[in-house]
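Pasting run_32.pdb here (PDB, C-alpha atoms):
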MODEL        1
ATOM      1  CA  MET G   1     -12.176 -13.544  -7.166
ATOM      2  CA  LYS G   2     -10.974 -17.048  -6.247
ATOM      3  CA  PRO G   3     -10.763 -17.931  -2.527
ATOM      4  CA  ASP G   4      -7.190 -19.266  -2.839
ATOM      5  CA  ALA G   5      -5.993 -15.953  -4.269
ATOM      6  CA  LEU G   6      -7.624 -14.085  -1.397
ATOM      7  CA  ARG G   7      -6.412 -16.174   1.518
ATOM      8  CA  GLY G   8      -2.894 -14.762   1.449
ATOM      9  CA  HIS G   9      -4.301 -11.245   1.684
ATOM     10  CA  LEU G  10      -7.095 -11.892   4.161
ATOM     11  CA  ASP G  11      -5.182 -10.553   7.179
ATOM     12  CA  ALA G  12      -4.393  -7.285   5.383
ATOM     13  CA  LEU G  13      -7.987  -6.955   4.155
ATOM     14  CA  LEU G  14      -9.302  -7.425   7.683
ATOM     15  CA  LEU G  15      -6.848  -4.901   9.113
ATOM     16  CA  ALA G  16      -7.913  -2.387   6.462
ATOM     17  CA  THR G  17     -11.596  -3.043   7.168
ATOM     18  CA  LEU G  18     -11.058  -2.316  10.859
ATOM     19  CA  ASP G  19      -9.053   0.846  10.204
ATOM     20  CA  GLY G  20     -10.518   3.587  12.408
ATOM     21  CA  ARG G  21     -13.591   1.639  13.518
ATOM     22  CA  GLN G  22     -14.833  -1.113  15.775
ATOM     23  CA  LEU G  23     -16.964  -3.804  14.102
ATOM     24  CA  HIS G  24     -18.487  -7.178  14.910
ATOM     25  CA  GLY G  25     -17.851 -10.229  12.740
ATOM     26  CA  TYR G  26     -20.760  -9.975  10.321
ATOM     27  CA  ALA G  27     -20.299  -6.197   9.947
ATOM     28  CA  ILE G  28     -16.679  -6.930   8.932
ATOM     29  CA  ILE G  29     -17.880  -9.487   6.362
ATOM     30  CA  GLU G  30     -20.410  -7.002   4.974
ATOM     31  CA  ALA G  31     -17.805  -4.222   4.823
ATOM     32  CA  LEU G  32     -15.398  -6.561   2.993
ATOM     33  CA  GLN G  33     -18.059  -7.501   0.451
ATOM     34  CA  GLN G  34     -19.199  -3.913  -0.042
ATOM     35  CA  GLY G  35     -15.612  -2.670  -0.336
ATOM     36  CA  SER G  36     -14.919  -5.182  -3.088
ATOM     37  CA  GLY G  37     -18.194  -4.573  -4.891
ATOM     38  CA  GLY G  38     -19.187  -8.162  -4.067
ATOM     39  CA  ALA G  39     -16.114  -9.618  -5.819
ATOM     40  CA  LEU G  40     -14.687 -11.243  -2.664
ATOM     41  CA  ASP G  41     -15.779 -14.852  -2.819
ATOM     42  CA  LEU G  42     -14.466 -16.359   0.386
ATOM     43  CA  PRO G  43     -16.362 -18.671   2.769
ATOM     44  CA  THR G  44     -17.475 -16.127   5.369
ATOM     45  CA  GLY G  45     -16.674 -18.585   8.164
ATOM     46  CA  THR G  46     -12.959 -18.228   7.449
ATOM     47  CA  VAL G  47     -13.071 -14.634   8.682
ATOM     48  CA  TYR G  48     -13.448 -15.684  12.334
ATOM     49  CA  PRO G  49     -10.280 -17.838  12.612
ATOM     50  CA  ALA G  50      -8.435 -15.047  10.771
ATOM     51  CA  LEU G  51      -9.648 -12.534  13.362
ATOM     52  CA  ARG G  52      -8.440 -14.873  16.116
ATOM     53  CA  ARG G  53      -5.055 -15.093  14.386
ATOM     54  CA  LEU G  54      -4.816 -11.297  14.276
ATOM     55  CA  GLU G  55      -5.800 -11.131  17.928
ATOM     56  CA  ARG G  56      -3.123 -13.697  18.767
ATOM     57  CA  ALA G  57      -0.570 -11.549  16.952
ATOM     58  CA  GLY G  58      -1.665  -8.543  19.014
ATOM     59  CA  HIS G  59      -2.970  -6.686  15.946
ATOM     60  CA  VAL G  60      -6.613  -6.575  17.025
ATOM     61  CA  VAL G  61      -8.417  -6.748  20.355
ATOM     62  CA  SER G  62     -11.937  -8.031  20.850
ATOM     63  CA  ASP G  63     -14.593  -7.329  23.393
ATOM     64  CA  TRP G  64     -18.146  -8.492  23.975
ATOM     65  CA  SER G  65     -20.543  -5.569  23.776
ATOM     66  CA  THR G  66     -24.203  -4.976  23.010
ATOM     67  CA  VAL G  67     -24.786  -3.913  19.394
ATOM     68  CA  GLY G  68     -28.325  -3.402  18.104
ATOM     69  CA  GLY G  69     -29.757  -5.010  21.227
ATOM     70  CA  ARG G  70     -27.637  -8.174  20.834
ATOM     71  CA  LYS G  71     -24.441  -9.178  22.598
ATOM     72  CA  ARG G  72     -21.655  -9.245  20.017
ATOM     73  CA  ARG G  73     -17.937  -9.761  19.912
ATOM     74  CA  THR G  74     -16.507  -6.592  18.390
ATOM     75  CA  TYR G  75     -12.992  -6.078  17.070
ATOM     76  CA  LYS G  76     -10.740  -3.051  16.748
ATOM     77  CA  LEU G  77      -7.142  -2.399  15.715
ATOM     78  CA  THR G  78      -4.370  -2.041  18.270
ATOM     79  CA  GLN G  79      -1.417   0.295  17.744
ATOM     80  CA  ALA G  80       0.600  -2.721  16.569
ATOM     81  CA  GLY G  81      -2.264  -3.540  14.193
ATOM     82  CA  GLN G  82      -2.222  -0.006  12.811
ATOM     83  CA  ARG G  83       1.530  -0.276  12.220
ATOM     84  CA  ALA G  84       1.032  -3.675  10.556
ATOM     85  CA  LEU G  85      -1.658  -2.176   8.316
ATOM     86  CA  ASN G  86       0.640   0.690   7.293
ATOM     87  CA  ALA G  87       3.372  -1.828   6.474
ATOM     88  CA  GLU G  88       0.914  -3.968   4.476
ATOM     89  CA  ARG G  89      -0.209  -0.891   2.504
ATOM     90  CA  SER G  90       3.384   0.128   1.715
ATOM     91  CA  ALA G  91       4.281  -3.416   0.647
ATOM     92  CA  TRP G  92       1.149  -3.618  -1.511
ATOM     93  CA  ARG G  93       1.871  -0.286  -3.247
ATOM     94  CA  GLU G  94       5.440  -1.391  -3.949
ATOM     95  CA  PHE G  95       4.227  -4.751  -5.256
ATOM     96  CA  THR G  96       1.559  -3.295  -7.540
ATOM     97  CA  THR G  97       3.971  -0.646  -8.863
ATOM     98  CA  VAL G  98       6.504  -3.309  -9.822
ATOM     99  CA  ILE G  99       3.949  -5.693 -11.343
ATOM    100  CA  ASP G 100       2.088  -2.897 -13.103
ATOM    101  CA  GLY G 101       5.371  -1.749 -14.636
ATOM    102  CA  VAL G 102       5.600  -5.120 -16.363
ATOM    103  CA  LEU G 103       2.042  -6.302 -16.901
ATOM    104  CA  GLY G 104       0.248  -2.997 -17.215
ATOM    105  CA  GLY G 105       2.710  -1.312 -19.591
ATOM    106  CA  ASP G 106       2.427  -0.574 -23.299
ATOM    107  CA  GLY G 107       3.981  -3.796 -24.411
ATOM    108  CA  LYS G 108       7.570  -2.544 -24.514
ATOM    109  CA  TRP G 109       8.760  -5.854 -22.986
ATOM    110  CA  ALA G 110       7.355  -7.692 -25.971
ATOM    111  CA  GLN G 111       9.137  -5.311 -28.368
ATOM    112  CA  THR G 112      12.621  -5.823 -26.884
TER     113      THR G 112
ATOM    114  CA  MET D   1     -37.481 -16.828  13.118
ATOM    115  CA  GLY D   2     -36.893 -20.573  12.796
ATOM    116  CA  THR D   3     -33.279 -21.540  13.158
ATOM    117  CA  ASP D   4     -33.330 -25.236  12.214
ATOM    118  CA  LEU D   5     -30.647 -25.139   9.534
ATOM    119  CA  ILE D   6     -28.496 -22.731  11.511
ATOM    120  CA  GLU D   7     -28.795 -24.738  14.727
ATOM    121  CA  ARG D   8     -27.999 -27.952  12.863
ATOM    122  CA  TYR D   9     -24.914 -26.323  11.350
ATOM    123  CA  VAL D  10     -23.727 -24.911  14.698
ATOM    124  CA  THR D  11     -24.337 -28.233  16.484
ATOM    125  CA  ASP D  12     -22.441 -30.149  13.792
ATOM    126  CA  LEU D  13     -19.586 -27.648  13.974
ATOM    127  CA  GLY D  14     -19.482 -27.790  17.787
ATOM    128  CA  SER D  15     -19.324 -31.590  17.780
ATOM    129  CA  ARG D  16     -16.062 -31.401  15.819
ATOM    130  CA  LEU D  17     -14.295 -28.891  18.053
ATOM    131  CA  GLN D  18     -12.025 -29.525  21.015
ATOM    132  CA  GLY D  19     -10.457 -26.901  23.265
ATOM    133  CA  SER D  20     -11.236 -24.536  26.088
ATOM    134  CA  ARG D  21     -14.988 -24.714  26.729
ATOM    135  CA  ARG D  22     -15.267 -20.927  26.920
ATOM    136  CA  GLN D  23     -13.456 -20.421  23.623
ATOM    137  CA  VAL D  24     -15.528 -23.077  21.841
ATOM    138  CA  ARG D  25     -18.690 -21.449  23.200
ATOM    139  CA  ASP D  26     -17.531 -17.985  22.058
ATOM    140  CA  LEU D  27     -16.747 -19.232  18.548
ATOM    141  CA  LEU D  28     -20.083 -21.000  18.250
ATOM    142  CA  THR D  29     -21.945 -17.913  19.544
ATOM    143  CA  GLU D  30     -20.206 -15.785  16.906
ATOM    144  CA  THR D  31     -21.033 -18.377  14.252
ATOM    145  CA  ARG D  32     -24.711 -18.450  15.225
ATOM    146  CA  ASP D  33     -24.846 -14.625  15.257
ATOM    147  CA  SER D  34     -23.137 -14.397  11.885
ATOM    148  CA  LEU D  35     -25.516 -16.945  10.317
ATOM    149  CA  SER D  36     -28.539 -15.155  11.811
ATOM    150  CA  ASP D  37     -27.282 -11.798  10.483
ATOM    151  CA  ALA D  38     -26.695 -13.273   7.016
ATOM    152  CA  THR D  39     -30.168 -14.848   7.076
ATOM    153  CA  GLU D  40     -31.739 -11.510   8.004
ATOM    154  CA  ALA D  41     -29.830  -9.830   5.155
ATOM    155  CA  HIS D  42     -31.126 -12.432   2.681
ATOM    156  CA  LEU D  43     -34.669 -12.087   4.030
ATOM    157  CA  GLY D  44     -34.345  -8.357   3.401
ATOM    158  CA  ARG D  45     -33.505  -9.167  -0.217
ATOM    159  CA  GLY D  46     -36.797 -11.016  -0.567
ATOM    160  CA  LEU D  47     -35.793 -14.657  -0.018
ATOM    161  CA  ASP D  48     -38.036 -16.933   2.029
ATOM    162  CA  GLU D  49     -36.699 -18.038   5.397
ATOM    163  CA  GLU D  50     -35.563 -21.539   4.488
ATOM    164  CA  THR D  51     -33.761 -20.340   1.365
ATOM    165  CA  ALA D  52     -32.228 -17.451   3.303
ATOM    166  CA  GLN D  53     -30.874 -19.804   5.954
ATOM    167  CA  ARG D  54     -29.575 -22.247   3.359
ATOM    168  CA  ARG D  55     -27.822 -19.422   1.518
ATOM    169  CA  ALA D  56     -26.297 -18.128   4.771
ATOM    170  CA  VAL D  57     -24.987 -21.589   5.668
ATOM    171  CA  GLU D  58     -23.591 -22.151   2.154
ATOM    172  CA  GLU D  59     -21.790 -18.814   2.207
ATOM    173  CA  PHE D  60     -20.298 -19.580   5.610
ATOM    174  CA  GLY D  61     -18.464 -22.625   4.241
ATOM    175  CA  SER D  62     -18.645 -26.386   4.631
ATOM    176  CA  VAL D  63     -18.614 -27.615   8.232
ATOM    177  CA  ARG D  64     -15.554 -29.723   7.475
ATOM    178  CA  GLU D  65     -13.520 -26.782   6.151
ATOM    179  CA  ILE D  66     -14.595 -24.325   8.829
ATOM    180  CA  ALA D  67     -14.134 -26.867  11.641
ATOM    181  CA  GLY D  68     -10.535 -27.412  10.494
ATOM    182  CA  GLU D  69      -9.768 -23.686  10.647
ATOM    183  CA  TYR D  70     -11.571 -23.184  13.956
ATOM    184  CA  GLN D  71      -9.860 -26.205  15.504
ATOM    185  CA  ALA D  72      -6.425 -24.922  14.492
ATOM    186  CA  GLU D  73      -7.086 -21.638  16.322
ATOM    187  CA  LEU D  74      -8.577 -23.414  19.343
ATOM    188  CA  ALA D  75      -5.535 -25.684  19.509
ATOM    189  CA  VAL D  76      -3.108 -22.744  19.375
ATOM    190  CA  ALA D  77      -5.069 -20.977  22.116
ATOM    191  CA  TYR D  78      -5.095 -24.103  24.300
ATOM    192  CA  GLY D  79      -1.372 -24.641  23.739
ATOM    193  CA  ALA D  80      -0.608 -21.009  24.594
ATOM    194  CA  ARG D  81      -2.715 -21.192  27.744
ATOM    195  CA  THR D  82      -0.922 -24.372  28.835
ATOM    196  CA  LEU D  83       2.499 -22.794  28.207
ATOM    197  CA  MET D  84       1.422 -19.761  30.221
ATOM    198  CA  TRP D  85       0.433 -21.984  33.139
ATOM    199  CA  LEU D  86       3.789 -23.756  32.961
ATOM    200  CA  ALA D  87       5.703 -20.465  32.871
ATOM    201  CA  LEU D  88       3.799 -19.188  35.925
ATOM    202  CA  VAL D  89       3.192 -22.251  38.085
ATOM    203  CA  LEU D  90       6.522 -24.111  37.861
ATOM    204  CA  PRO D  91       8.768 -21.342  39.282
ATOM    205  CA  VAL D  92       6.247 -20.459  42.015
ATOM    206  CA  MET D  93       5.791 -24.110  42.987
ATOM    207  CA  HIS D  94       9.542 -24.730  43.029
ATOM    208  CA  ALA D  95      10.259 -21.617  45.104
ATOM    209  CA  ALA D  96       7.512 -22.501  47.606
ATOM    210  CA  TRP D  97       8.756 -26.091  47.900
ATOM    211  CA  GLU D  98      12.366 -24.999  48.399
ATOM    212  CA  MET D  99      11.409 -22.494  51.093
ATOM    213  CA  GLY D 100       9.399 -25.190  52.857
ATOM    214  CA  ARG D 101      12.260 -27.657  52.603
ATOM    215  CA  MET D 102      14.791 -25.199  54.064
ATOM    216  CA  TYR D 103      12.393 -24.444  56.929
ATOM    217  CA  PHE D 104      11.203 -27.966  57.771
ATOM    218  CA  ILE D 105      14.156 -30.153  56.661
ATOM    219  CA  GLY D 106      17.243 -28.023  56.085
ATOM    220  CA  PRO D 107      20.008 -28.118  53.431
ATOM    221  CA  TRP D 108      20.522 -31.332  51.446
ATOM    222  CA  GLN D 109      24.018 -31.615  52.963
ATOM    223  CA  ASP D 110      22.573 -32.168  56.471
ATOM    224  CA  PHE D 111      22.070 -35.899  56.082
ATOM    225  CA  GLY D 112      23.980 -36.749  59.239
ATOM    226  CA  GLY D 113      26.828 -38.165  57.158
ATOM    227  CA  PRO D 114      28.670 -37.683  53.879
ATOM    228  CA  VAL D 115      26.343 -37.340  50.890
ATOM    229  CA  PRO D 116      27.512 -38.876  47.606
ATOM    230  CA  SER D 117      28.483 -36.252  45.046
ATOM    231  CA  TRP D 118      26.084 -37.797  42.496
ATOM    232  CA  TYR D 119      23.229 -37.092  44.886
ATOM    233  CA  LEU D 120      24.067 -33.388  45.064
ATOM    234  CA  TRP D 121      24.374 -33.365  41.282
ATOM    235  CA  ILE D 122      20.868 -34.845  40.919
ATOM    236  CA  ALA D 123      19.514 -32.367  43.503
ATOM    237  CA  LYS D 124      20.987 -29.445  41.556
ATOM    238  CA  ALA D 125      19.752 -30.826  38.247
ATOM    239  CA  ASN D 126      16.252 -31.214  39.717
ATOM    240  CA  ASP D 127      16.408 -27.637  41.011
ATOM    241  CA  MET D 128      17.094 -26.496  37.451
ATOM    242  CA  THR D 129      14.335 -28.457  35.704
ATOM    243  CA  SER D 130      11.503 -26.154  36.846
ATOM    244  CA  GLY D 131      13.408 -23.058  35.737
ATOM    245  CA  ILE D 132      14.381 -24.597  32.404
ATOM    246  CA  SER D 133      10.845 -25.846  31.718
ATOM    247  CA  ALA D 134       9.297 -22.490  32.669
ATOM    248  CA  GLY D 135      11.893 -20.669  30.547
ATOM    249  CA  VAL D 136      11.223 -22.892  27.543
ATOM    250  CA  ALA D 137       7.471 -22.296  27.936
ATOM    251  CA  LEU D 138       7.999 -18.533  28.161
ATOM    252  CA  VAL D 139      10.264 -18.423  25.091
ATOM    253  CA  ALA D 140       7.750 -20.551  23.138
ATOM    254  CA  LEU D 141       4.966 -18.144  24.138
ATOM    255  CA  VAL D 142       6.892 -15.061  23.025
ATOM    256  CA  LEU D 143       8.075 -16.663  19.763
ATOM    257  CA  GLY D 144       4.539 -17.889  19.081
ATOM    258  CA  ARG D 145       3.233 -14.337  19.289
ATOM    259  CA  VAL D 146       6.028 -12.976  17.084
ATOM    260  CA  VAL D 147       5.400 -15.516  14.313
ATOM    261  CA  ALA D 148       1.606 -15.684  14.833
ATOM    262  CA  ARG D 149       0.802 -14.499  11.298
ATOM    263  CA  ARG D 150       3.749 -16.094   9.539
ATOM    264  CA  VAL D 151       3.450 -19.705  10.669
ATOM    265  CA  ASP D 152       0.421 -21.906  10.002
ATOM    266  CA  ALA D 153      -1.789 -22.271  13.086
ATOM    267  CA  ARG D 154      -1.728 -26.078  12.736
ATOM    268  CA  VAL D 155       2.072 -26.104  12.975
ATOM    269  CA  LEU D 156       2.118 -23.608  15.849
ATOM    270  CA  ALA D 157      -0.433 -25.658  17.780
ATOM    271  CA  ARG D 158       1.619 -28.831  17.438
ATOM    272  CA  ILE D 159       4.821 -27.087  18.489
ATOM    273  CA  ALA D 160       3.062 -25.526  21.508
ATOM    274  CA  GLY D 161       1.531 -28.854  22.592
ATOM    275  CA  ALA D 162       4.782 -30.787  22.131
ATOM    276  CA  THR D 163       6.804 -28.096  23.958
ATOM    277  CA  ALA D 164       4.376 -28.146  26.878
ATOM    278  CA  LEU D 165       4.471 -31.937  27.108
ATOM    279  CA  VAL D 166       8.284 -32.115  26.952
ATOM    280  CA  SER D 167       8.533 -29.373  29.599
ATOM    281  CA  VAL D 168       6.272 -31.293  31.980
ATOM    282  CA  LEU D 169       8.116 -34.560  31.296
ATOM    283  CA  LEU D 170      11.385 -32.812  32.194
ATOM    284  CA  VAL D 171       9.922 -31.766  35.552
ATOM    285  CA  VAL D 172       8.581 -35.295  36.132
ATOM    286  CA  LEU D 173      12.015 -36.735  35.324
ATOM    287  CA  GLY D 174      13.701 -34.348  37.777
ATOM    288  CA  ASN D 175      11.260 -35.180  40.562
ATOM    289  CA  VAL D 176      11.418 -38.936  39.995
ATOM    290  CA  ALA D 177      15.232 -38.745  39.956
ATOM    291  CA  ILE D 178      15.469 -36.861  43.257
ATOM    292  CA  LEU D 179      12.897 -39.134  44.935
ATOM    293  CA  THR D 180      14.717 -42.258  43.768
ATOM    294  CA  ALA D 181      18.092 -40.827  44.789
ATOM    295  CA  THR D 182      16.800 -39.803  48.231
ATOM    296  CA  TRP D 183      15.308 -43.278  48.674
ATOM    297  CA  GLY D 184      18.738 -44.724  47.888
ATOM    298  CA  VAL D 185      20.669 -42.423  50.249
ATOM    299  CA  ASP D 186      18.294 -42.021  53.188
ATOM    300  CA  PRO D 187      14.705 -43.342  52.840
ATOM    301  CA  GLN D 188      13.741 -41.805  56.219
ATOM    302  CA  ARG D 189      14.198 -38.355  54.721
ATOM    303  CA  LEU D 190      11.217 -38.949  52.404
ATOM    304  CA  VAL D 191       8.794 -39.156  55.328
ATOM    305  CA  GLN D 192      10.463 -37.227  58.145
ATOM    306  CA  SER D 193       8.407 -34.052  57.755
ATOM    307  CA  LEU D 194       4.621 -34.186  57.524
ATOM    308  CA  PRO D 195       4.283 -30.649  56.066
ATOM    309  CA  MET D 196       6.812 -31.475  53.350
ATOM    310  CA  SER D 197       5.113 -34.815  52.641
ATOM    311  CA  ILE D 198       1.896 -32.859  52.088
ATOM    312  CA  ALA D 199       3.806 -30.312  49.970
ATOM    313  CA  SER D 200       5.234 -33.181  47.879
ATOM    314  CA  PHE D 201       1.757 -34.601  47.399
ATOM    315  CA  VAL D 202       0.448 -31.191  46.271
ATOM    316  CA  THR D 203       3.466 -30.779  43.967
ATOM    317  CA  TRP D 204       2.729 -34.092  42.267
ATOM    318  CA  ALA D 205      -0.961 -33.230  41.974
ATOM    319  CA  VAL D 206      -0.028 -29.956  40.227
ATOM    320  CA  ILE D 207       2.511 -31.693  37.950
ATOM    321  CA  ILE D 208      -0.085 -34.305  36.960
ATOM    322  CA  ARG D 209      -2.623 -31.528  36.259
ATOM    323  CA  LEU D 210      -0.078 -29.682  34.092
ATOM    324  CA  GLY D 211       0.728 -32.962  32.323
ATOM    325  CA  LEU D 212      -2.953 -33.522  31.545
ATOM    326  CA  LEU D 213      -3.245 -29.959  30.210
ATOM    327  CA  ALA D 214      -0.175 -30.494  27.999
ATOM    328  CA  ARG D 215      -1.505 -33.829  26.725
ATOM    329  CA  ARG D 216      -4.843 -32.209  25.874
ATOM    330  CA  ALA D 217      -3.059 -29.329  24.139
ATOM    331  CA  LEU D 218      -1.269 -31.831  21.914
ATOM    332  CA  SER D 219      -4.496 -33.769  21.385
ATOM    333  CA  CYS D 220      -6.305 -30.549  20.307
ATOM    334  CA  ALA D 221      -3.478 -29.888  17.848
ATOM    335  CA  THR D 222      -3.399 -33.352  16.339
ATOM    336  CA  ILE D 223      -7.130 -33.638  15.598
ATOM    337  CA  VAL D 224      -6.904 -30.606  13.281
ATOM    338  CA  GLY D 225      -7.984 -31.694   9.817
TER     339      GLY D 225
ENDMDL
END
Output the structure of this file as structure tokens.
Amino acid sequence: MKPDALRGHLDALLLATLDGRQLHGYAIIEALQQGSGGALDLPTGTVYPALRRLERAGHVVSDWSTVGGRKRRTYKLTQAGQRALNAERSAWREFTTVIDGVLGGDGKWAQT
Amino acid sequence: MGTDLIERYVTDLGSRLQGSRRQVRDLLTETRDSLSDATEAHLGRGLDEETAQRRAVEEFGSVREIAGEYQAELAVAYGARTLMWLALVLPVMHAAWEMGRMYFIGPWQDFGGPVPSWYLWIAKANDMTSGISAGVALVALVLGRVVARRVDARVLARIAGATALVSVLLVVLGNVAILTATWGVDPQRLVQSLPMSIASFVTWAVIIRLGLLARRALSCATIVG
């Protein structure tokens, strides 16, 4: 999938990746890639500024902790982040329903 | 594990970043960790070390692109920190100075003669500049958080830096105006109290420090690629 198409959804993807768990940066990148079956083709370095942006918005909090014997910055959702994720999911479902009604139909638009 | 390629990448990235030293260090530490993790993952898939490192660096993104995104976030953070300092320090400094003035000098009206009305107007205007500047900084901080995900970080950083600089300039203008006016009405008043002369000196030192912070905030925002 092209990076430009992903950028607009990166915040929502990161919020979803952190849903119910606390992860460090590379674990988030791995989870994103695994979740997409390797289809997400985004420079991995862009994840860190996006995490900072989410932190600035109060949607995630970060903390330095020791993971696997190394000191890591780990991220988790805040309550505001959880609400933002729920809103993103609702908006996405609505969007895909509308688009699917047109693009994914049986061609009735072409027949009219 | 050799880290030549990774270290070169991190050093190159670091040389392009400007902002709070702690935040730059944190970002670079995360970058180094991420590249090391990616290298280990590639080694686990059977690549040799040099190829694994090269692959990790390529996947991370070009230094130019990543530095631009990092710098935008660093600039926003620096701008927000400067606005926070303005919102906190200006009201405290003004309140402390006013309390000192009332104790060591007394009300502005006690000049031993009639004070021109324009002088009182300047004194009142100067009293308001700290509150206005702190208020503007506070509103900018709150709005910045509300629109954090909707407005581009580069734009936010520039607005934060410019707001901080204008706020400090407003305080400078107020202080210069009251000093000039006092010089015109009664120059003795500027030096009649040693404690308040020291307080004035400290006030100017703090204003200059805040001005330097604001200038750096704007500088961090304008070097974003």
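Of the residues listed (G:Arg21, G:Arg53, G:Arg83, G:His59), G:Arg53 shows the shortest atom-to-atom separation from chain D; distances use only C-alpha atoms.
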Review point. Restricting the calculation to all atoms listed in the file, which member of G:Leu103, G:Leu13, G:Val47, G:Ala84 is positioned closest to Gly35 in chain G?
Key: G:Leu13
Check your understanding: Mind listing as a PyMOL selection string which residues of chain D are within 6 Å of chain G, counting only C-alpha atoms?
Key -> chain D and resi 34+59-61+70+145+148
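Rounded to one decimal, CA of Cys220 in chain D and CA of Ala160 in chain D lie 10.7 Å from each other.
When CA of Val24 in chain D is paired with CA of Ser36 in chain D, their separation reads 18.2 Å.
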Check your understanding: Can you tell me, as a VMD selection string, what residues are no more than 10 Å from Pro107 in chain D when counting only C-alpha atoms, ignoring any on the same chain fewer than 5 positions away?
Key -> chain D and resid 98 101 to 102
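Separating CA of Ala162 in chain D from CA of Ala123 in chain D is a distance of 26.0 Å.
Among the candidate residues D:Leu179, D:Asp186, D:Thr51, D:Arg154, the one lying nearest to Leu5 in chain D is D:Thr51, with distances computed using all atoms listed in the file.
Of the listed residues (D:Ala77, D:Leu83, D:Ile105, D:Val168), D:Ile105 comes nearest to Leu190 in chain D; the distances count only C-alpha atoms.
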Practice item. Starting from the shown file, work through the PyMOL selection byres ((chain G and resi 75) around 8) and note down what comes out as a list in words. Key: Leu18, Gln22, Leu23, His24, Gly25, Val60, Val61, Ser62, Asp63, Arg73, Thr74, Lys76 and Leu77 of chain G
With C-alpha atoms retained, export the selected residues as a CSV table (one decimal), in the frame of the given file.
chain,number,residue,atom,x,y,z
G,18,LEU,CA,-11.1,-2.3,10.9
G,22,GLN,CA,-14.8,-1.1,15.8
G,23,LEU,CA,-17.0,-3.8,14.1
G,24,HIS,CA,-18.5,-7.2,14.9
G,25,GLY,CA,-17.9,-10.2,12.7
G,60,VAL,CA,-6.6,-6.6,17.0
G,61,VAL,CA,-8.4,-6.7,20.4
G,62,SER,CA,-11.9,-8.0,20.8
G,63,ASP,CA,-14.6,-7.3,23.4
G,73,ARG,CA,-17.9,-9.8,19.9
G,74,THR,CA,-16.5,-6.6,18.4
G,76,LYS,CA,-10.7,-3.1,16.7
G,77,LEU,CA,-7.1,-2.4,15.7
Practice item. Find the residues around Gly211 in chain D up to 12 Å (all atoms listed in the file counted), leave out those fewer than 6 positions away in its own chain, and share them as a list in words. Key: Thr82, Leu83, Trp85, Leu86, Leu90, Gly161, Ala162, Thr163, Ala164, Leu165, Val166, Ser167, Val168, Leu169, Leu170, Val171, Val172, Trp204, Ala205, Ala217 and Leu218 of chain D
Practice item. Run the PyMOL selection byres ((chain D and resi 71) around 9) on the file and write out the hits as a ChimeraX atom specification. Key: /G:49 /D:16-19,66-70,72-76,154,220-221,223-225
Revision key, fill the gap. Between D:Ala125, D:Val206, D:Val155, D:Leu35, smallest distance to Asp4 in chain D by all atoms listed in the file belongs to D:Leu35
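For the set D:Val147, D:Val185, D:Val142, D:Leu88, the residue with the smallest atom-to-atom gap to Ser117 in chain D is D:Val185, counting only C-alpha atoms.
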